[in-house]
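*Asks:* I am attaching a structure below and will ask some questions about it afterwards.
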Amino acid sequence: MKAVVDQIFGLLLGGAIGDAMGGSHENAMAPVEIDDLEDWQLSDDTQLTLATCEAIIEANGGVQPELIAARFAEWHRQNRITGIGASTLKALSELAAGGHWALVGRKGERAAGNGAAMRIAPLAFCLNPAEFSARQTIRDVARITHHHEEAYAGALAVVFAVKSALSQPENKPENLLRFVAYNLPDTSVKDRLMSLAELDGSTPLPEIASRFGSSGYVVESVPLALCGASRVRQLGFKPMLTELIACGGDTDTVASMAGQIAGAFLGAGHLPDELIARLSERQMLDSIGNQFANCLGS
């Protein structure tokens, strides 16, 4: 279906735009001001999302954690991944050395990062996260790099948000944050989403970030990204990303996740042409996006 293809490219291009816009401001202190003349580069947020798509293509539209892990290892061996966080780097290095996908992910409190959530979005086109078996698969894919319940909850939240974006208008939830939170296990990610859902919809995103945080800790970054994405109609795509990046912290990943969700909601046809034109690796995005759509029969 043409609409699904538009949403696939909306997700991939929207996420890449957020990644590139936020990339040079990662870990900056708020308020962050964006220079519209700066060069854009993609990082691991987009690269691992594309690698995930390639693994799904290889599986003819299925989701197999072992194939996703193998694709991650291949991209790592080819030095095609940049800006990798510590947990993901540990996993990819061990995968490339022959480690088993179910064992290499980081464990403990330091595993509660957003490295699984930032790359999980394509699974929303293949799985129904309301089903138990799909949740198990999402957990397995998250655990390739992050063995932590909060990291899994953050990844599951992104899949639910994208799935909601793909639904028909009459089925879209009135409050995205509350809808996603309702479908999550009891975690701090769920609690944070509920807290943000209760805020006045006009509260500026930087004000929310100053109160709740915008770091790479999944409890901070995923709810902030979903909050931003939920306002894309209200703010517009570029202003929404600009406001998120102004929050400082993990700017590229927060903006990438928000861009993925908002892009899937709007479709590529409604993303700003001038932003798409600035993406330096458009040919790779188009190639993988087309193959991904074809393998899903879209």
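Ordering of the structure tokens sets the chain letters (A, B, ...); residue numbers start at 1 within each chain; ligands are numbered from 1 in the order shown.
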Residues at most 8 Å from range 46-55 of chain A, counting only C-alpha atoms, excluding those fewer than 6 positions away in the same chain, as a list in words?

*Replies:* Leu12, Gly15, Ala16, Asp19, Val63, Gln64, Leu67, Ile68, Arg71, Phe72, Trp75, Arg80, Ile81, Met118, Arg119, Ile120, Ala121, Pro122, Ser256, Leu285, Ile288, Gly289 and Phe292 of chain A

*Asks:* Okay, now the selection with C-alpha atoms, as a PDB file, in the first residue's frame?

*Replies:*
```pdb
ATOM      1  CA  LEU A  12      13.383   6.451   8.359  1.00  0.00           C
ATOM      2  CA  GLY A  15      14.518   9.685  12.413  1.00  0.00           C
ATOM      3  CA  ALA A  16      17.553  10.493  10.281  1.00  0.00           C
ATOM      4  CA  ASP A  19      19.643  12.282  14.443  1.00  0.00           C
ATOM      5  CA  VAL A  63      12.008 -10.493  13.069  1.00  0.00           C
ATOM      6  CA  GLN A  64      14.837 -12.821  14.120  1.00  0.00           C
ATOM      7  CA  LEU A  67      19.885 -12.029  12.218  1.00  0.00           C
ATOM      8  CA  ILE A  68      19.623  -8.537  13.686  1.00  0.00           C
ATOM      9  CA  ARG A  71      23.795  -7.498  10.894  1.00  0.00           C
ATOM     10  CA  PHE A  72      24.935  -5.266  13.788  1.00  0.00           C
ATOM     11  CA  TRP A  75      28.175  -3.096  10.275  1.00  0.00           C
ATOM     12  CA  ARG A  80      29.845   1.771   9.489  1.00  0.00           C
ATOM     13  CA  ILE A  81      28.595   2.752  12.954  1.00  0.00           C
ATOM     14  CA  MET A 118      16.574   4.204  19.391  1.00  0.00           C
ATOM     15  CA  ARG A 119      16.741   1.323  16.851  1.00  0.00           C
ATOM     16  CA  ILE A 120      13.582  -0.675  17.578  1.00  0.00           C
ATOM     17  CA  ALA A 121      11.008   1.332  15.584  1.00  0.00           C
ATOM     18  CA  PRO A 122      11.002  -0.782  12.364  1.00  0.00           C
ATOM     19  CA  SER A 256      15.814  10.700  16.327  1.00  0.00           C
ATOM     20  CA  LEU A 285      18.158   5.497   3.120  1.00  0.00           C
ATOM     21  CA  ILE A 288      17.094   0.177   2.359  1.00  0.00           C
ATOM     22  CA  GLY A 289      13.681   1.812   2.701  1.00  0.00           C
ATOM     23  CA  PHE A 292      12.134  -2.940   3.534  1.00  0.00           C
TER      24      PHE A 292
END
```

*Asks:* Counting only C-alpha atoms, give me one row per residue of range 119-165 of chain A with an atom at most 10 Å from an atom of range 82-95 of chain A, showing the shortest contact pair and its distance in Å to one decimal, sorted by chain then residue number, as a Markdown table.

*Replies:*
```
| residue | atom | partner | partner_atom | distance |
| --- | --- | --- | --- | --- |
| A:Arg143 | CA | A:Ala91 | CA | 9.6 |
| A:Ile144 | CA | A:Ala91 | CA | 7.0 |
| A:Thr145 | CA | A:Thr88 | CA | 5.3 |
| A:His146 | CA | A:Ser87 | CA | 6.8 |
| A:His147 | CA | A:Ser87 | CA | 9.7 |
```

*Asks:* Quick one: write out the picked residues with N, CA and C atoms as a PDB file, in the first residue's frame?

*Replies:*
```
ATOM      1  N   ARG A 143      17.565  -6.899  24.168  1.00  0.00           N
ATOM      2  CA  ARG A 143      18.618  -7.490  24.998  1.00  0.00           C
ATOM      3  C   ARG A 143      19.893  -7.799  24.221  1.00  0.00           C
ATOM      4  N   ILE A 144      19.873  -7.650  22.911  1.00  0.00           N
ATOM      5  CA  ILE A 144      21.125  -7.796  22.165  1.00  0.00           C
ATOM      6  C   ILE A 144      22.174  -6.838  22.723  1.00  0.00           C
ATOM      7  N   THR A 145      21.720  -5.665  23.148  1.00  0.00           N
ATOM      8  CA  THR A 145      22.654  -4.679  23.702  1.00  0.00           C
ATOM      9  C   THR A 145      22.363  -4.302  25.147  1.00  0.00           C
ATOM     10  N   HIS A 146      21.107  -4.434  25.600  1.00  0.00           N
ATOM     11  CA  HIS A 146      20.728  -3.922  26.919  1.00  0.00           C
ATOM     12  C   HIS A 146      19.868  -4.940  27.676  1.00  0.00           C
ATOM     13  N   HIS A 147      20.470  -5.573  28.683  1.00  0.00           N
ATOM     14  CA  HIS A 147      19.745  -6.511  29.547  1.00  0.00           C
ATOM     15  C   HIS A 147      19.187  -5.748  30.745  1.00  0.00           C
TER      16      HIS A 147
END
```

*Asks:* For Asp36 in chain A, work out the shell of residues within 12 Å, counting only C-alpha atoms and skipping chain neighbours fewer than 3 positions away, then give it as an MDAnalysis selection string.

*Replies:* chainID A and resid 20:22 24 33 39:40 238 242 274:275 278

*Asks:* Which residue, A:Gly23, A:Gly113, A:Gly99, A:Gly263, has the smallest gap to Asp35 in chain A when you use only C-alpha atoms?

*Replies:*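 Counting only C-alpha atoms, the residue closest to Asp35 in chain A is A:Gly23.
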
*Asks:* Excluding range 216-228 of chain A and any residue of its chain fewer than 6 positions from it, enumerate the residues within 8 Å of it, using only C-alpha atoms, and give them as a PyMOL selection string.

*Replies:* chain A and resi 112-114+117+150-151+154+157-158+161+176-177+188-189+192-193+196+205+208-209+240-241+244+249-250+253-255+257-258+261

*Asks:* Please give the complete set of residues from range 101-170 of chain A that DSSP, run on the backbone, assigns to alpha helix (DSSP H), formatted as a PyMOL selection string.

*Replies:* chain A and resi 132-143+149-166

*Asks:* Which residues, written as an MDAnalysis selection string, have at least one atom at most 12 Å from Ser164 in chain A, with only C-alpha atoms counted and residues fewer than 3 positions away on the same chain left out?

*Replies:* chainID A and resid 7 121 124:125 128:130 157:161 167:177 179:180 183 226 229:230 261:262 264:266

*Asks:* In Å, rounded to a single decimal, give me how far CA of His148 in chain A is from CA of Ala97 in chain A.

*Replies:*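 Going from CA of Ala97 in chain A over to CA of His148 in chain A, I get 22.8 Å.
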
*Asks:* Could you tell me which of A:Ile138, A:Leu279, A:Ala165, A:Ala73 comes closest to Gln260 in chain A if we count only C-alpha atoms?

*Replies:*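 Going through A:Ile138, A:Leu279, A:Ala165, A:Ala73 one by one, the smallest distance to Gln260 in chain A is for A:Ala165.
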
*Asks:* Can you tell me, as a list in words, which residues in range 65-230 of chain A count as strand (DSSP E or B) by DSSP?

*Replies:* Arg106, Lys107, Gly113, His146, His147 and Tyr217 of chain A

*Asks:* Could you write out that same residue set with all heavy atoms as a PDB file, in the first residue's frame?

*Replies:*
```pdb
ATOM      1  N   ARG A 106      24.886  -5.591  27.801  1.00  0.00           N
ATOM      2  CA  ARG A 106      25.295  -5.141  29.136  1.00  0.00           C
ATOM      3  C   ARG A 106      24.190  -5.399  30.148  1.00  0.00           C
ATOM      4  O   ARG A 106      23.006  -5.274  29.849  1.00  0.00           O
ATOM      5  CB  ARG A 106      25.645  -3.645  29.098  1.00  0.00           C
ATOM      6  CG  ARG A 106      25.926  -3.056  30.475  1.00  0.00           C
ATOM      7  CD  ARG A 106      26.565  -1.679  30.389  1.00  0.00           C
ATOM      8  NE  ARG A 106      27.995  -1.785  30.184  1.00  0.00           N
ATOM      9  CZ  ARG A 106      28.818  -0.741  30.133  1.00  0.00           C
ATOM     10  NH1 ARG A 106      28.338   0.477  30.253  1.00  0.00           N
ATOM     11  NH2 ARG A 106      30.106  -0.905  29.950  1.00  0.00           N
ATOM     12  N   LYS A 107      24.592  -5.725  31.367  1.00  0.00           N
ATOM     13  CA  LYS A 107      23.655  -5.969  32.473  1.00  0.00           C
ATOM     14  C   LYS A 107      23.898  -4.936  33.569  1.00  0.00           C
ATOM     15  O   LYS A 107      24.920  -4.259  33.586  1.00  0.00           O
ATOM     16  CB  LYS A 107      23.834  -7.385  33.015  1.00  0.00           C
ATOM     17  CG  LYS A 107      23.644  -8.486  31.973  1.00  0.00           C
ATOM     18  CD  LYS A 107      23.959  -9.851  32.555  1.00  0.00           C
ATOM     19  CE  LYS A 107      23.734 -10.957  31.543  1.00  0.00           C
ATOM     20  NZ  LYS A 107      24.651 -10.857  30.371  1.00  0.00           N
ATOM     21  N   GLY A 113      20.042   2.288  29.411  1.00  0.00           N
ATOM     22  CA  GLY A 113      20.149   3.377  28.446  1.00  0.00           C
ATOM     23  C   GLY A 113      19.121   3.230  27.334  1.00  0.00           C
ATOM     24  O   GLY A 113      18.315   2.295  27.314  1.00  0.00           O
ATOM     25  N   HIS A 146      21.107  -4.434  25.600  1.00  0.00           N
ATOM     26  CA  HIS A 146      20.728  -3.922  26.919  1.00  0.00           C
ATOM     27  C   HIS A 146      19.868  -4.940  27.676  1.00  0.00           C
ATOM     28  O   HIS A 146      18.698  -5.121  27.350  1.00  0.00           O
ATOM     29  CB  HIS A 146      19.950  -2.614  26.783  1.00  0.00           C
ATOM     30  CG  HIS A 146      20.760  -1.478  26.254  1.00  0.00           C
ATOM     31  ND1 HIS A 146      21.184  -1.403  24.939  1.00  0.00           N
ATOM     32  CD2 HIS A 146      21.225  -0.360  26.862  1.00  0.00           C
ATOM     33  CE1 HIS A 146      21.875  -0.296  24.772  1.00  0.00           C
ATOM     34  NE2 HIS A 146      21.924   0.350  25.916  1.00  0.00           N
ATOM     35  N   HIS A 147      20.470  -5.573  28.683  1.00  0.00           N
ATOM     36  CA  HIS A 147      19.745  -6.511  29.547  1.00  0.00           C
ATOM     37  C   HIS A 147      19.187  -5.748  30.745  1.00  0.00           C
ATOM     38  O   HIS A 147      19.729  -5.802  31.848  1.00  0.00           O
ATOM     39  CB  HIS A 147      20.680  -7.616  30.053  1.00  0.00           C
ATOM     40  CG  HIS A 147      20.990  -8.672  29.054  1.00  0.00           C
ATOM     41  ND1 HIS A 147      20.575  -9.973  29.175  1.00  0.00           N
ATOM     42  CD2 HIS A 147      21.676  -8.631  27.899  1.00  0.00           C
ATOM     43  CE1 HIS A 147      21.010 -10.692  28.149  1.00  0.00           C
ATOM     44  NE2 HIS A 147      21.679  -9.884  27.361  1.00  0.00           N
ATOM     45  N   TYR A 217      19.628   8.196  29.801  1.00  0.00           N
ATOM     46  CA  TYR A 217      18.890   7.270  30.668  1.00  0.00           C
ATOM     47  C   TYR A 217      17.500   7.103  30.077  1.00  0.00           C
ATOM     48  O   TYR A 217      16.779   8.067  29.839  1.00  0.00           O
ATOM     49  CB  TYR A 217      18.828   7.855  32.077  1.00  0.00           C
ATOM     50  CG  TYR A 217      18.066   7.071  33.105  1.00  0.00           C
ATOM     51  CD1 TYR A 217      18.125   5.674  33.178  1.00  0.00           C
ATOM     52  CD2 TYR A 217      17.285   7.738  34.057  1.00  0.00           C
ATOM     53  CE1 TYR A 217      17.421   4.966  34.142  1.00  0.00           C
ATOM     54  CE2 TYR A 217      16.589   7.043  35.031  1.00  0.00           C
ATOM     55  CZ  TYR A 217      16.656   5.661  35.070  1.00  0.00           C
ATOM     56  OH  TYR A 217      15.967   4.952  36.040  1.00  0.00           O
TER      57      TYR A 217
END
```

*Asks:* Between A:Gly61, A:Gly267, A:Pro204, A:Pro185, which one has atoms that come closest to Pro239 in chain A, using only C-alpha atoms?

*Replies:*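 Among the listed residues, A:Pro204 lies closest to Pro239 in chain A.
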